[in-house]
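Below is the file structure.cif, which contains mmCIF, N, CA and C atoms.
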```
data_work
loop_
_atom_site.label_atom_id
_atom_site.label_comp_id
_atom_site.auth_asym_id
_atom_site.auth_seq_id
_atom_site.Cartn_x
_atom_site.Cartn_y
_atom_site.Cartn_z
N VAL A 452 -15.05 -89.13 -125.46
CA VAL A 452 -14.66 -87.98 -124.65
C VAL A 452 -15.91 -87.42 -124.00
N TRP A 453 -15.86 -87.27 -122.69
CA TRP A 453 -16.93 -86.63 -121.93
C TRP A 453 -16.33 -85.42 -121.24
N THR A 454 -17.03 -84.32 -121.22
CA THR A 454 -16.63 -83.15 -120.44
C THR A 454 -17.75 -82.88 -119.45
N ALA A 455 -17.45 -82.98 -118.17
CA ALA A 455 -18.42 -82.70 -117.11
C ALA A 455 -18.20 -81.26 -116.65
N HIS A 456 -19.29 -80.50 -116.58
CA HIS A 456 -19.23 -79.10 -116.15
C HIS A 456 -19.96 -78.98 -114.82
N PHE A 457 -19.27 -78.45 -113.79
CA PHE A 457 -19.87 -78.23 -112.49
C PHE A 457 -20.41 -76.81 -112.43
N ASP A 458 -21.71 -76.68 -112.15
CA ASP A 458 -22.35 -75.38 -112.04
C ASP A 458 -23.13 -75.38 -110.73
N GLY A 459 -22.50 -74.93 -109.65
CA GLY A 459 -23.11 -75.03 -108.33
C GLY A 459 -23.23 -76.48 -107.94
N ASP A 460 -24.45 -76.93 -107.67
CA ASP A 460 -24.68 -78.33 -107.32
C ASP A 460 -25.07 -79.17 -108.53
N ASP A 461 -25.06 -78.59 -109.72
CA ASP A 461 -25.42 -79.31 -110.94
C ASP A 461 -24.16 -79.78 -111.66
N VAL A 462 -24.27 -80.95 -112.30
CA VAL A 462 -23.22 -81.47 -113.16
C VAL A 462 -23.84 -81.72 -114.52
N ARG A 463 -23.25 -81.13 -115.56
CA ARG A 463 -23.77 -81.29 -116.93
C ARG A 463 -22.68 -81.87 -117.80
N LEU A 464 -23.05 -82.74 -118.73
CA LEU A 464 -22.11 -83.27 -119.70
C LEU A 464 -22.14 -82.40 -120.94
N LEU A 465 -20.96 -82.00 -121.41
CA LEU A 465 -20.84 -81.12 -122.58
C LEU A 465 -20.07 -81.83 -123.68
N GLY A 466 -20.02 -81.22 -124.85
CA GLY A 466 -19.27 -81.77 -125.96
C GLY A 466 -17.77 -81.77 -125.69
N GLU A 467 -17.04 -82.52 -126.51
CA GLU A 467 -15.61 -82.68 -126.26
C GLU A 467 -14.79 -81.42 -126.49
N SER A 468 -15.34 -80.41 -127.14
CA SER A 468 -14.57 -79.20 -127.38
C SER A 468 -14.67 -78.20 -126.23
N ALA A 469 -15.45 -78.54 -125.20
CA ALA A 469 -15.60 -77.64 -124.05
C ALA A 469 -14.30 -77.57 -123.26
N PRO A 470 -14.02 -76.43 -122.62
CA PRO A 470 -12.81 -76.32 -121.80
C PRO A 470 -12.91 -77.24 -120.58
N TRP A 471 -11.75 -77.64 -120.06
CA TRP A 471 -11.75 -78.55 -118.91
C TRP A 471 -10.74 -78.09 -117.87
N ASP A 472 -10.93 -78.55 -116.63
CA ASP A 472 -10.02 -78.23 -115.53
C ASP A 472 -9.22 -79.45 -115.08
N VAL A 473 -9.76 -80.63 -115.32
CA VAL A 473 -9.04 -81.87 -115.01
C VAL A 473 -9.40 -82.89 -116.09
N GLU A 474 -8.41 -83.65 -116.51
CA GLU A 474 -8.60 -84.64 -117.58
C GLU A 474 -8.10 -85.99 -117.09
N LEU A 475 -8.92 -87.03 -117.32
CA LEU A 475 -8.55 -88.39 -116.98
C LEU A 475 -8.38 -89.19 -118.26
N ALA A 476 -7.40 -90.05 -118.29
CA ALA A 476 -7.19 -90.91 -119.45
C ALA A 476 -7.02 -92.34 -118.98
N GLY A 477 -7.59 -93.27 -119.73
CA GLY A 477 -7.47 -94.68 -119.40
C GLY A 477 -8.37 -95.49 -120.30
N THR A 478 -8.34 -96.79 -120.09
CA THR A 478 -9.24 -97.66 -120.84
C THR A 478 -10.67 -97.40 -120.38
N ALA A 479 -11.62 -97.78 -121.19
CA ALA A 479 -13.02 -97.61 -120.80
C ALA A 479 -13.29 -98.34 -119.49
N SER A 480 -12.74 -99.52 -119.35
CA SER A 480 -12.92 -100.31 -118.13
C SER A 480 -12.34 -99.59 -116.92
N ASP A 481 -11.12 -99.08 -117.03
CA ASP A 481 -10.49 -98.39 -115.90
C ASP A 481 -11.24 -97.10 -115.55
N LEU A 482 -11.71 -96.37 -116.54
CA LEU A 482 -12.45 -95.15 -116.26
C LEU A 482 -13.77 -95.46 -115.55
N MET A 483 -14.45 -96.52 -115.96
CA MET A 483 -15.69 -96.90 -115.27
C MET A 483 -15.39 -97.34 -113.84
N LEU A 484 -14.33 -98.11 -113.65
CA LEU A 484 -13.95 -98.51 -112.29
C LEU A 484 -13.64 -97.28 -111.44
N PHE A 485 -12.98 -96.29 -112.01
CA PHE A 485 -12.70 -95.06 -111.28
C PHE A 485 -14.00 -94.36 -110.89
N LEU A 486 -14.93 -94.24 -111.84
CA LEU A 486 -16.19 -93.55 -111.57
C LEU A 486 -17.02 -94.26 -110.50
N TRP A 487 -16.83 -95.56 -110.34
CA TRP A 487 -17.51 -96.31 -109.29
C TRP A 487 -16.64 -96.42 -108.03
N GLU A 488 -15.57 -95.64 -107.99
CA GLU A 488 -14.64 -95.60 -106.85
C GLU A 488 -14.04 -96.98 -106.53
N ARG A 489 -13.77 -97.74 -107.58
CA ARG A 489 -13.14 -99.06 -107.42
C ARG A 489 -11.67 -99.03 -107.84
N LEU A 490 -11.25 -97.92 -108.43
CA LEU A 490 -9.87 -97.76 -108.91
C LEU A 490 -9.44 -96.33 -108.60
N PRO A 491 -8.31 -96.14 -107.91
CA PRO A 491 -7.87 -94.77 -107.61
C PRO A 491 -7.34 -94.08 -108.86
N ALA A 492 -7.38 -92.76 -108.84
CA ALA A 492 -6.95 -91.96 -110.00
C ALA A 492 -5.49 -92.23 -110.36
N ASP A 493 -4.66 -92.53 -109.39
CA ASP A 493 -3.24 -92.76 -109.71
C ASP A 493 -3.00 -94.06 -110.46
N ARG A 494 -4.00 -94.91 -110.62
CA ARG A 494 -3.87 -96.14 -111.40
C ARG A 494 -4.35 -95.97 -112.84
N LEU A 495 -4.88 -94.78 -113.17
CA LEU A 495 -5.29 -94.50 -114.55
C LEU A 495 -4.06 -94.20 -115.40
N ASP A 496 -4.25 -94.16 -116.72
CA ASP A 496 -3.14 -93.86 -117.63
C ASP A 496 -2.64 -92.44 -117.46
N GLY A 497 -3.51 -91.53 -117.03
CA GLY A 497 -3.08 -90.14 -116.86
C GLY A 497 -4.14 -89.28 -116.22
N VAL A 498 -3.67 -88.33 -115.42
CA VAL A 498 -4.54 -87.31 -114.84
C VAL A 498 -3.82 -85.99 -115.03
N ARG A 499 -4.49 -85.05 -115.72
CA ARG A 499 -3.91 -83.72 -115.94
C ARG A 499 -4.86 -82.69 -115.37
N GLY A 500 -4.31 -81.66 -114.76
CA GLY A 500 -5.13 -80.58 -114.25
C GLY A 500 -5.34 -80.64 -112.75
N ASP A 501 -6.43 -80.07 -112.29
CA ASP A 501 -6.73 -79.89 -110.87
C ASP A 501 -7.35 -81.16 -110.28
N ARG A 502 -6.53 -81.97 -109.63
CA ARG A 502 -7.00 -83.23 -109.03
C ARG A 502 -8.05 -83.01 -107.94
N ALA A 503 -8.03 -81.84 -107.30
CA ALA A 503 -9.00 -81.56 -106.23
C ALA A 503 -10.44 -81.63 -106.74
N LEU A 504 -10.63 -81.39 -108.02
CA LEU A 504 -11.98 -81.44 -108.59
C LEU A 504 -12.54 -82.86 -108.62
N LEU A 505 -11.70 -83.85 -108.56
CA LEU A 505 -12.18 -85.23 -108.56
C LEU A 505 -13.03 -85.50 -107.32
N GLU A 506 -12.62 -85.00 -106.17
CA GLU A 506 -13.41 -85.16 -104.95
C GLU A 506 -14.74 -84.43 -105.07
N ARG A 507 -14.73 -83.28 -105.70
CA ARG A 507 -15.98 -82.52 -105.91
C ARG A 507 -16.94 -83.32 -106.77
N TYR A 508 -16.42 -84.00 -107.78
CA TYR A 508 -17.26 -84.83 -108.64
C TYR A 508 -17.96 -85.89 -107.81
N PHE A 509 -17.20 -86.59 -106.96
CA PHE A 509 -17.80 -87.67 -106.17
C PHE A 509 -18.77 -87.14 -105.12
N ALA A 510 -18.58 -85.91 -104.67
CA ALA A 510 -19.55 -85.31 -103.74
C ALA A 510 -20.86 -85.01 -104.45
N LEU A 511 -20.79 -84.57 -105.71
CA LEU A 511 -21.98 -84.21 -106.47
C LEU A 511 -22.64 -85.42 -107.14
N VAL A 512 -21.84 -86.39 -107.53
CA VAL A 512 -22.34 -87.56 -108.26
C VAL A 512 -21.85 -88.82 -107.54
N PRO A 513 -22.45 -89.15 -106.40
CA PRO A 513 -22.00 -90.33 -105.66
C PRO A 513 -22.28 -91.60 -106.45
N PRO A 514 -21.35 -92.55 -106.45
CA PRO A 514 -21.54 -93.78 -107.24
C PRO A 514 -22.56 -94.73 -106.65
N ARG A 515 -22.96 -94.53 -105.45
CA ARG A 515 -23.90 -95.48 -104.80
C ARG A 515 -25.31 -95.06 -104.94
#
```

Write out the structure in this file as structure tokens.
Amino acid sequence: VWTAHFDGDDVRLLGESAPWDVELAGTASDLMLFLWERLPADRLDGVRGDRALLERYFALVPPR
């Protein structure tokens, strides 16, 4: 479990007990493919919460 916290232009990883706004579920392989923008979120096992934050993640942490 990883919890990414957005603080302005910073992204920090927190412990699993931290509150979250969007949650992704899938195999380790599918989650890595998603993080490298090779798999869309709708192909994961589940997405709960504010999907708009996913675009913010990729703006702050580009995979390239």

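Within chain A, DSSP run on the backbone puts these residues in strand (DSSP E): Thr454, Ala455, His456, Phe457, Asp458, Asp461, Val462, Arg463, Leu464, Leu465, Val473, Glu474, Leu475, Ala476, Gly497, Val498, Arg499 and Gly500 of chain A.
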
Protein and nucleic acid residues near (-8.2, -85.7, -116.5) (cut-off 12 Å, only C-alpha atoms) as a list in words: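 The answer, in the requested form, is Val452, Trp453, Thr454, Ala455, Pro470, Trp471, Asp472, Val473, Glu474, Leu475, Ala476, Gly477, Leu482, Phe485, Ala492, Asp493, Leu495, Asp496, Gly497, Val498, Arg499, Gly500, Asp501, Arg502, Ala503, Leu504 and Leu505 of chain A.
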
Sel. of alpha helix (DSSP H) residues, range 453-515 of chain A, as a PyMOL selection string: chain A and resi 479-486+503-511

Separation of CA of Val512 in chain A from atom N of Ala479 in chain A in Å: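 Atom N of Ala479 in chain A sits 19.7 Å away from CA of Val512 in chain A.
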
Atomic distance CA of Arg463 in chain A - CA of Glu488 in chain A, expressed in Å with one decimal: 19.7 Å

Got a minute to add all heavy atoms to range 486-497 of chain A and dump it as a tab-separated table (two decimals), in the coordinates of the input?
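Written out: result_19.tsv:
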```
chain	number	residue	atom	x	y	z
A	486	LEU	N	-14.93	-94.24	-111.84
A	486	LEU	CA	-16.19	-93.55	-111.57
A	486	LEU	C	-17.02	-94.26	-110.50
A	486	LEU	O	-17.82	-93.63	-109.82
A	486	LEU	CB	-17.01	-93.39	-112.86
A	486	LEU	CG	-16.41	-92.42	-113.87
A	486	LEU	CD1	-17.22	-92.44	-115.16
A	486	LEU	CD2	-16.34	-91.00	-113.30
A	487	TRP	N	-16.83	-95.56	-110.34
A	487	TRP	CA	-17.51	-96.31	-109.29
A	487	TRP	C	-16.64	-96.42	-108.03
A	487	TRP	O	-16.95	-97.18	-107.13
A	487	TRP	CB	-17.90	-97.69	-109.80
A	487	TRP	CG	-19.11	-97.61	-110.68
A	487	TRP	CD1	-19.15	-97.51	-112.04
A	487	TRP	CD2	-20.46	-97.57	-110.25
A	487	TRP	NE1	-20.44	-97.42	-112.48
A	487	TRP	CE2	-21.27	-97.46	-111.39
A	487	TRP	CE3	-21.07	-97.63	-108.99
A	487	TRP	CZ2	-22.66	-97.40	-111.32
A	487	TRP	CZ3	-22.45	-97.58	-108.93
A	487	TRP	CH2	-23.23	-97.47	-110.09
A	488	GLU	N	-15.57	-95.64	-107.99
A	488	GLU	CA	-14.64	-95.60	-106.85
A	488	GLU	C	-14.04	-96.98	-106.53
A	488	GLU	O	-13.84	-97.32	-105.39
A	488	GLU	CB	-15.30	-95.00	-105.61
A	488	GLU	CG	-15.60	-93.54	-105.75
A	488	GLU	CD	-16.07	-92.91	-104.47
A	488	GLU	OE1	-17.19	-93.24	-104.03
A	488	GLU	OE2	-15.31	-92.09	-103.91
A	489	ARG	N	-13.77	-97.74	-107.58
A	489	ARG	CA	-13.14	-99.06	-107.42
A	489	ARG	C	-11.67	-99.03	-107.84
A	489	ARG	O	-10.95	-100.00	-107.65
A	489	ARG	CB	-13.88	-100.12	-108.24
A	489	ARG	CG	-15.33	-100.26	-107.92
A	489	ARG	CD	-15.52	-100.88	-106.54
A	489	ARG	NE	-16.89	-101.26	-106.31
A	489	ARG	CZ	-17.74	-100.57	-105.56
A	489	ARG	NH1	-17.36	-99.45	-104.99
A	489	ARG	NH2	-18.98	-100.98	-105.38
A	490	LEU	N	-11.25	-97.92	-108.43
A	490	LEU	CA	-9.87	-97.76	-108.91
A	490	LEU	C	-9.44	-96.33	-108.60
A	490	LEU	O	-10.15	-95.39	-108.97
A	490	LEU	CB	-9.81	-98.02	-110.42
A	490	LEU	CG	-8.44	-98.05	-111.06
A	490	LEU	CD1	-7.72	-99.36	-110.70
A	490	LEU	CD2	-8.55	-97.93	-112.56
A	491	PRO	N	-8.31	-96.14	-107.91
A	491	PRO	CA	-7.87	-94.77	-107.61
A	491	PRO	C	-7.34	-94.08	-108.86
A	491	PRO	O	-6.88	-94.72	-109.81
A	491	PRO	CB	-6.76	-94.98	-106.58
A	491	PRO	CG	-6.27	-96.37	-106.79
A	491	PRO	CD	-7.43	-97.16	-107.33
A	492	ALA	N	-7.38	-92.76	-108.84
A	492	ALA	CA	-6.95	-91.96	-110.00
A	492	ALA	C	-5.49	-92.23	-110.36
A	492	ALA	O	-5.15	-92.19	-111.54
A	492	ALA	CB	-7.16	-90.48	-109.72
A	493	ASP	N	-4.66	-92.53	-109.39
A	493	ASP	CA	-3.24	-92.76	-109.71
A	493	ASP	C	-3.00	-94.06	-110.46
A	493	ASP	O	-1.90	-94.30	-110.95
A	493	ASP	CB	-2.37	-92.66	-108.46
A	493	ASP	CG	-2.70	-93.68	-107.39
A	493	ASP	OD1	-3.69	-94.42	-107.55
A	493	ASP	OD2	-1.97	-93.73	-106.39
A	494	ARG	N	-4.00	-94.91	-110.62
A	494	ARG	CA	-3.87	-96.14	-111.40
A	494	ARG	C	-4.35	-95.97	-112.84
A	494	ARG	O	-4.25	-96.88	-113.65
A	494	ARG	CB	-4.66	-97.27	-110.74
A	494	ARG	CG	-4.22	-97.63	-109.34
A	494	ARG	CD	-3.33	-98.84	-109.22
A	494	ARG	NE	-3.68	-99.95	-110.04
A	494	ARG	CZ	-4.48	-100.96	-109.69
A	494	ARG	NH1	-5.05	-100.97	-108.50
A	494	ARG	NH2	-4.70	-101.95	-110.53
A	495	LEU	N	-4.88	-94.78	-113.17
A	495	LEU	CA	-5.29	-94.50	-114.55
A	495	LEU	C	-4.06	-94.20	-115.40
A	495	LEU	O	-2.98	-93.95	-114.88
A	495	LEU	CB	-6.26	-93.31	-114.57
A	495	LEU	CG	-7.59	-93.53	-113.87
A	495	LEU	CD1	-8.37	-92.23	-113.80
A	495	LEU	CD2	-8.41	-94.61	-114.55
A	496	ASP	N	-4.25	-94.16	-116.72
A	496	ASP	CA	-3.14	-93.86	-117.63
A	496	ASP	C	-2.64	-92.44	-117.46
A	496	ASP	O	-1.48	-92.15	-117.72
A	496	ASP	CB	-3.55	-94.09	-119.09
A	496	ASP	CG	-3.75	-95.56	-119.40
A	496	ASP	OD1	-3.25	-96.41	-118.65
A	496	ASP	OD2	-4.42	-95.85	-120.41
A	497	GLY	N	-3.51	-91.53	-117.03
A	497	GLY	CA	-3.08	-90.14	-116.86
A	497	GLY	C	-4.14	-89.28	-116.22
A	497	GLY	O	-5.33	-89.50	-116.39
```
